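Undergrad: Sharing a structure here in structure tokens format.
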Amino acid sequence: MKFSCNWLRELVPGLDLGPRELARLITMKTAECEGVEPYAPWLDAVAAARVLSVEPIASSHNVKAVVDAGPEYGTRTVVCGAPNCRAGMLTAFVPPGVTVAGGKHIRSVVIQGVESQGMLASGAELGLNRDAEGILELAGAEPGERLPGCPVDHIIEVDNKSLTHRPDLWGHLGMAREVAAITALPLADPVREDLVPPGEPAWRVDIRDFDLCPRYSALVFENVTVGPSPLWLQARLEALGLNPISNIVDVTNYVMAELAEPMHAFDADLLHGNAIIVRRAGEGESFDALNGESYRLSPSNLVIADERGAVALAGIIGGAGSAIRETTTRIVLESANFEPACIRRTSAALKLRTDASMRFEKAQDPANTVRALARAVELFRIVSPGIRLVGGLVDSWRKAPPPPPIEMPLDWLEKRLGRSVEKAEVRRILESLSFGVEEPRPKVFLVSVPSWRATKDISIKEDLLEEVGRMVGYDTVPPVAPLLPARRPWVNEERLFHHAVRQMAAAQGFTEVSNYSFISEEMAQRFGYAPEEHLRVANPISSEQTLLRRSLLPGVHKNICDNARFFDEFRLFEIGGEIHKREGKELPREVPHLMAAVYARGGGREALFELKRLAECLMPGCEAKPAAARPYEHPARAAEIVWRGRTLGRLFELHPRLVEQGRASVLDVDLAEMFALGPLPKKYTPLRRFPVSEFDLSVVAGLRVHCAELAARIRDAAGALCERVQYLYSYQGKPLPEDRQSLTFRVTLGAPDHTLSSDEVSGVRSRIIAALETAGYAIRQ
Amino acid sequence: MLDSTLSDIESRALSAMEAASDAAALEQARVEFLGRKGALAQIGKDMGKLAPEERARIGRLLNEVKQKLEERFEQKKAWFEEQALAARLDAEWLDLTLPAPGARPGALHPLTQIQKELEDLFTSLGFAVVDGPEVETEWHNFDALNIPPAHPARDAQDTFWLENGLLLRTHTSPVQVRAMERFGAPLRIIAPGRVFRNEEVDASHEHTFYQLEGMMVDRDVSIGHMLYFMKALLEAIFRREVTVRLRPGFFPFVEPGFELDIRCLLCGGAGCPVCKQSGWVELLPCGLVHPNVLRAGGIDPEQWNGFAFGLGLTRLVMMRYAIDDIRLLQSGDLRFLQQF
């Protein structure tokens, strides 16, 4: 939202702050100013000038004009190409050395043999309007004077987001009221409500849905002359970025910019009947808007209609069929109030945001409709002399009771603010913002809210706290530590556990990555996951992110492929949530997983054991149990990770088909389950007092016999004296047959109460050998 | 006569030991002169024939020579041993400039690091660290935070909707409500986590980023209390004293709501490109919790009140390390991640 400093100064007489200081104060006390830009600074140098004579220049459409530019600039010769340049006219002269709109720099130059000592300018060149057809036609000024009603201005741009809750700040009067309160200056209300005539209305209004349209007011005018607005009015709109169109339309925009009330003027002769109907649109009802577009409406949209059909989309845009024309002589001027959610929904559904819809969706003040009409009457009389009102005010209003006043204890205010404020100061602030203040009990204010703040913004005492707080200045509140009982906060063990897992993984050489929660259907399918098992995004940005991940693997796989371009070998891991959808509207299960990966150019064997070691660091004593490979896993290199009887994850090499070069292995662990198991309980066992005995055994077995299976057999056979069975190494080659390997284990035996005799040791050894031989394994002697 | 023999043995033995070029030659010399059948032993045998007085004198002399030779022998033996050790150790020369085997330590994601840092800070200030789901209900993400349907504030948060009417949380604020439901009042929590906005990605916009929500609910919590915690937070983050200012800001879940600015750390307030010449950098939104939000969390706003704030962790990481492209954080690019 753009604010003109000149306009604010008009509404706050006596305001003499510079634009930057004004912007700073607004930022600190009201809403965030994003910038201050000068508007048409060249106007300081532009003077009214009388064209004294015009001579054609041979073989050119340009003319040589001699102008009287007043005492300062004197009589100048300029070359002018405008078709309307003629002797006797009053226009705008720009002296050399001045830069005008669009960065156009004016110099003294010789054009077609004529020295041009400046420029005669159009409205567009001066940034006053968008008319570039000819040079300005001025009136009511002497040569040498600055352009009447067009002073240099500064525009303060305020962040719209910071005005979301303030319908009143979508017009200059609202901001002027803030500035007046900040500077303790009086506010000059530009509205003369007595301009709205009493009497029988000439038009009828029929509101069919008061929920969507709490109030509709209108006035009917005749003897209207449609033409360009005076320059000062055009300049004011242009400064705010509003396009000047015609005197009638410009006045509606001017009032909107001043009072935040969007208005619309209909050509009364293009309306059918003499009644305005406010109703929901019919299903599929079509509507041709002023912007040249055609819309298909539905009953969730509200329209302004005559007896034939929709003539405006309520609160958003007027219709093409009843718009103001050059020939318009009678108008119906609408000033209404609409329900914000309906406007917002319609505007969003039709992708049609207008200056009007932006304001109405902020909940405008129904009390403001007639004030806006009164202001328009005054301005119409200036821009369309001879205009006449027909009949009295058209007004239909389902009046809501005024909101009850808010009770605000002053001690409460001080406790919340964190500093004391004088009672008189609180009253002054509230009253300067037009609140009504009573003190029914000592130190308790009863505050009534002005209608323009009551629609949405202010209803509870916390809202008043903000009013007082921002005006006294939050920078006056000292930071103070609260006095609180010392209490140990609840400890988020699971989060600490995740941090510990991260630390461990990093210490083992793995670097943490963070992937998106989104995957594409194609990514899901590549790993054999059915897309329909995923939670689907209803409004994805792109096809790359239509599904929510049920596994970290697609993301980690992408990391592997991406990084393989830069590294021969790397380790990475992610801790993130798998999202598993549930029936209906129930929240999905978000299951934290650890996925670690090792990529190397070699054979991939070491990688798997590196990952197994990481698993063992996290889950001491966990086992890798051979498991049937999944489609994305290396068919002969896949295992389940089992810890304390629970399957917590998988260890596998990615199917080489999925990795272009090199090998990648992956460890995937369910951290929720791992956390639920808790850390391994720690128990002290007294140290052995008697020495242990050890012997080594080499077992000859088939090539795909698992080490863990042999170790378990040995342990079982060894019985109670077995302290440890440790795998040492394996061997393949002569003298063993080609389909045999030997695995060597070291068996450690011991007893808590004596040193084992050689008979005891050899007894155990024989038992182990017998058990292995029974199971079909030979012992290598 | 024996006198001259002794002195002759002594000088021969000394020169033999002197001439020994290795431990074996030295040992040979020892055997020859000091051994049981060596030259000195022979003198001992011959001494028996001498008169007692003479025997005592020669005996002393013999001992002196023997002691001297033994000392010399031990000295030289030790020298040879030292030489041998030195030679062996020298052969064990090792190039310590070789890289150590095994994997280098990995790195934690910079977001993890800053998150942990802030978790520790707030834990020390008595705040619990809580989590909430990333897939949220519309009620928790919007309605409970005083953002009813069709509220313009919903525009500011482009939402990823899911097929079943759920959504990806657009901020960490719904955890406020979940924490109130779970713990009741009084309450001090922070909730760091991943949030989502339906935005096109470029160097400064991401659809996935990280926030840290904070909330305190107690009796008579004031703006001054909030300022205290915000200052503590920022001084911990920037590790120096900071100047902050509060100005009005609109967020439906707080009333009053603020934008907290920090005096620009680069220019000290004089104005520079980072602070867009204003001397201040907008850092975090905060405010006193709106009574409707307390109610949604099952807390009586007449009894309790509090403050809440939201900190952009992604932005903080980018500020701290001067990272110029937000996409790097979710890229999984180890060339980037291994720098932290």
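Quick note on naming: the chains in the structure tokens go A, B, ... in the order shown, residues restart at 1 in each chain, and ligands are numbered from 1 in order of appearance.
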Residues of chain A within 7 Å of chain B, counting only C-alpha atoms - could you list those as a count of residues only?
TA: 55
Undergrad: For Ala308 in chain B, work out the shell of residues within 7 Å, counting only C-alpha atoms and skipping chain neighbours fewer than 3 positions away, then give it as a list in words.
TA: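 Here the answer would be Gly214, Met215, Met216, Cys286, Gly287, Leu288 and Val289 of chain B.
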Undergrad: Those residues with N, CA and C atoms, as a PDB file, in the first residue's frame please?
TA:
ATOM      1  N   GLY B 214       9.227 -21.089  19.790  1.00  0.00           N
ATOM      2  CA  GLY B 214       9.425 -21.031  21.235  1.00  0.00           C
ATOM      3  C   GLY B 214       8.165 -20.513  21.907  1.00  0.00           C
ATOM      4  N   MET B 215       7.915 -20.978  23.105  1.00  0.00           N
ATOM      5  CA  MET B 215       6.720 -20.526  23.808  1.00  0.00           C
ATOM      6  C   MET B 215       6.933 -20.627  25.313  1.00  0.00           C
ATOM      7  N   MET B 216       6.451 -19.608  26.004  1.00  0.00           N
ATOM      8  CA  MET B 216       6.450 -19.669  27.461  1.00  0.00           C
ATOM      9  C   MET B 216       5.058 -19.284  27.930  1.00  0.00           C
ATOM     10  N   CYS B 286       7.522 -12.304  16.964  1.00  0.00           N
ATOM     11  CA  CYS B 286       7.212 -12.794  18.305  1.00  0.00           C
ATOM     12  C   CYS B 286       6.005 -12.040  18.825  1.00  0.00           C
ATOM     13  N   GLY B 287       5.578 -12.356  20.017  1.00  0.00           N
ATOM     14  CA  GLY B 287       4.440 -11.644  20.580  1.00  0.00           C
ATOM     15  C   GLY B 287       3.903 -12.353  21.805  1.00  0.00           C
ATOM     16  N   LEU B 288       2.894 -11.728  22.407  1.00  0.00           N
ATOM     17  CA  LEU B 288       2.224 -12.382  23.525  1.00  0.00           C
ATOM     18  C   LEU B 288       1.159 -13.298  22.942  1.00  0.00           C
ATOM     19  N   VAL B 289       1.076 -14.500  23.479  1.00  0.00           N
ATOM     20  CA  VAL B 289       0.196 -15.517  22.898  1.00  0.00           C
ATOM     21  C   VAL B 289      -1.258 -15.027  22.932  1.00  0.00           C
TER      22      VAL B 289
END
Undergrad: Taking 3 positions as the minimum chain separation for residues in the same chain, which residues sit within 12 Å of Ala41 in chain B when counting only C-alpha atoms? Answer as a ChimeraX atom specification.
TA: /B:6,9,30-38,44-48,59,62-63,65-66
Undergrad: Could you save the residues just selected, with C-alpha atoms, as a PDB file, in the first residue's frame?
TA:
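New file result31.pdb:
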ATOM      1  CA  LEU B   6     100.451 -57.425  34.715  1.00  0.00           C
ATOM      2  CA  ILE B   9      98.474 -57.717  30.084  1.00  0.00           C
ATOM      3  CA  ARG B  30      87.113 -60.453  27.404  1.00  0.00           C
ATOM      4  CA  VAL B  31      87.550 -64.224  27.271  1.00  0.00           C
ATOM      5  CA  GLU B  32      91.213 -63.824  26.427  1.00  0.00           C
ATOM      6  CA  PHE B  33      92.053 -61.551  29.328  1.00  0.00           C
ATOM      7  CA  LEU B  34      89.230 -61.702  31.826  1.00  0.00           C
ATOM      8  CA  GLY B  35      87.876 -65.204  31.220  1.00  0.00           C
ATOM      9  CA  ARG B  36      88.227 -68.073  33.602  1.00  0.00           C
ATOM     10  CA  LYS B  37      91.166 -69.326  31.568  1.00  0.00           C
ATOM     11  CA  GLY B  38      92.296 -65.904  30.571  1.00  0.00           C
ATOM     12  CA  GLY B  44      96.078 -65.507  39.938  1.00  0.00           C
ATOM     13  CA  LYS B  45      97.268 -69.070  39.708  1.00  0.00           C
ATOM     14  CA  ASP B  46     100.928 -68.046  39.527  1.00  0.00           C
ATOM     15  CA  MET B  47     100.588 -65.845  42.593  1.00  0.00           C
ATOM     16  CA  GLY B  48     100.466 -68.839  44.919  1.00  0.00           C
ATOM     17  CA  GLY B  59      96.807 -59.455  44.600  1.00  0.00           C
ATOM     18  CA  LEU B  62      95.734 -57.720  40.048  1.00  0.00           C
ATOM     19  CA  ASN B  63      92.351 -56.598  41.370  1.00  0.00           C
ATOM     20  CA  VAL B  65      93.832 -54.169  36.745  1.00  0.00           C
ATOM     21  CA  LYS B  66      90.875 -56.543  36.634  1.00  0.00           C
TER      22      LYS B  66
END
Undergrad: Smallest atom-to-atom distance to Glu81 in chain B: which of B:Glu64, B:Asp3, B:Asp22, B:Glu213, using only C-alpha atoms?
TA: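 Closest candidate: B:Asp22.
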Undergrad: What parts of range 281-335 of chain B does DSSP call strand (DSSP E or B)? I'd like the answer as a list in words.
TA: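 Residues meeting the strand (DSSP E or B) criterion: Val281, Glu282, Leu283, Leu284, Pro285, Cys286, Gly287, Leu288, Val289, Asn305, Gly306, Phe307, Ala308, Phe309, Gly310, Leu311 and Gly312 of chain B.
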Undergrad: Would you put the residues from that selection into a file with C-alpha atoms, as a short mmCIF file (atom, residue, chain, number, x, y, z; two decimals), in the first residue's frame?
TA:
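Here's the written file part_8.cif:
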data_model
loop_
_atom_site.label_atom_id
_atom_site.label_comp_id
_atom_site.auth_asym_id
_atom_site.auth_seq_id
_atom_site.Cartn_x
_atom_site.Cartn_y
_atom_site.Cartn_z
CA VAL B 281 17.95 -6.48 10.32
CA GLU B 282 14.57 -8.11 10.77
CA LEU B 283 15.20 -11.32 12.64
CA LEU B 284 12.19 -12.91 14.22
CA PRO B 285 8.49 -12.49 14.76
CA CYS B 286 7.21 -12.79 18.30
CA GLY B 287 4.44 -11.64 20.58
CA LEU B 288 2.22 -12.38 23.52
CA VAL B 289 0.20 -15.52 22.90
CA ASN B 305 -0.54 -15.93 29.53
CA GLY B 306 2.72 -16.10 27.70
CA PHE B 307 4.89 -15.22 24.77
CA ALA B 308 5.83 -17.07 21.62
CA PHE B 309 8.42 -16.55 18.92
CA GLY B 310 9.57 -18.13 15.70
CA LEU B 311 13.14 -18.22 14.49
CA GLY B 312 14.16 -19.15 10.97
#
Undergrad: Would you mind listing what lies within 12 Å of Ala65 in chain A as a VMD selection string, with only C-alpha atoms counted and same-chain residues fewer than 2 positions away left out?
TA: chain A and resid 49 to 57 62 to 63 67 to 69 75 to 82 84 to 89 91 93 114 to 120
Undergrad: For the residues in the current selection, export C-alpha atoms as a short mmCIF file (atom, residue, chain, number, x, y, z; two decimals), in the first residue's frame.
TA:
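Saved result, selection_16.cif, follows:
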data_model
loop_
_atom_site.label_atom_id
_atom_site.label_comp_id
_atom_site.auth_asym_id
_atom_site.auth_seq_id
_atom_site.Cartn_x
_atom_site.Cartn_y
_atom_site.Cartn_z
CA ALA A 49 4.76 28.47 -19.98
CA ARG A 50 2.72 30.37 -22.55
CA VAL A 51 3.38 29.49 -26.20
CA LEU A 52 3.99 32.83 -27.90
CA SER A 53 4.48 31.65 -31.47
CA VAL A 54 4.77 28.47 -33.48
CA GLU A 55 6.66 28.10 -36.79
CA PRO A 56 6.86 24.93 -38.83
CA ILE A 57 10.27 23.36 -39.44
CA ASN A 62 8.19 19.20 -35.40
CA VAL A 63 7.58 22.88 -34.86
CA VAL A 67 7.49 30.28 -25.13
CA ASP A 68 7.28 32.64 -22.22
CA ALA A 69 8.43 30.54 -19.29
CA THR A 75 11.63 33.47 -23.25
CA ARG A 76 12.85 30.21 -24.74
CA THR A 77 12.86 28.56 -28.11
CA VAL A 78 11.98 24.88 -28.10
CA VAL A 79 11.46 22.25 -30.75
CA CYS A 80 8.18 20.46 -30.11
CA GLY A 81 6.60 17.47 -31.85
CA ALA A 82 3.24 17.51 -30.10
CA ASN A 84 -1.52 20.20 -29.94
CA CYS A 85 1.32 22.72 -29.73
CA ARG A 86 -0.19 26.07 -30.71
CA ALA A 87 0.28 29.74 -30.03
CA GLY A 88 -1.54 31.06 -26.99
CA MET A 89 -1.78 27.77 -25.10
CA THR A 91 1.64 24.27 -21.13
CA PHE A 93 8.15 23.80 -19.75
CA VAL A 114 16.95 24.88 -34.36
CA GLU A 115 18.39 25.21 -30.87
CA SER A 116 15.92 23.73 -28.43
CA GLN A 117 16.43 25.33 -25.01
CA GLY A 118 14.32 22.90 -23.02
CA MET A 119 11.20 20.83 -23.61
CA LEU A 120 7.44 21.22 -23.60
#
Undergrad: If you count only C-alpha atoms, which residues fall within 8 Å of Ser173 in chain B, apart from same-chain ones fewer than 2 positions away, as a list in words?
TA: Asn141, Leu145, His171, Val175, Gln176, Val177, Glu213 and Gly310 of chain B
Undergrad: Run DSSP on the backbone and tell me which residues of range 71-270 of chain B come out as helix (DSSP H, G or I); list them as number ranges by chain.
TA: B: 71-91, 110-124, 138-141, 143-145, 152-156, 174-183, 223-238
Undergrad: Between A:His105, A:His272, A:Arg359, A:Arg637, which one has atoms that come closest to Met1 in chain A, using only C-alpha atoms?
TA: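 Among the listed residues, A:Arg359 lies closest to Met1 in chain A.
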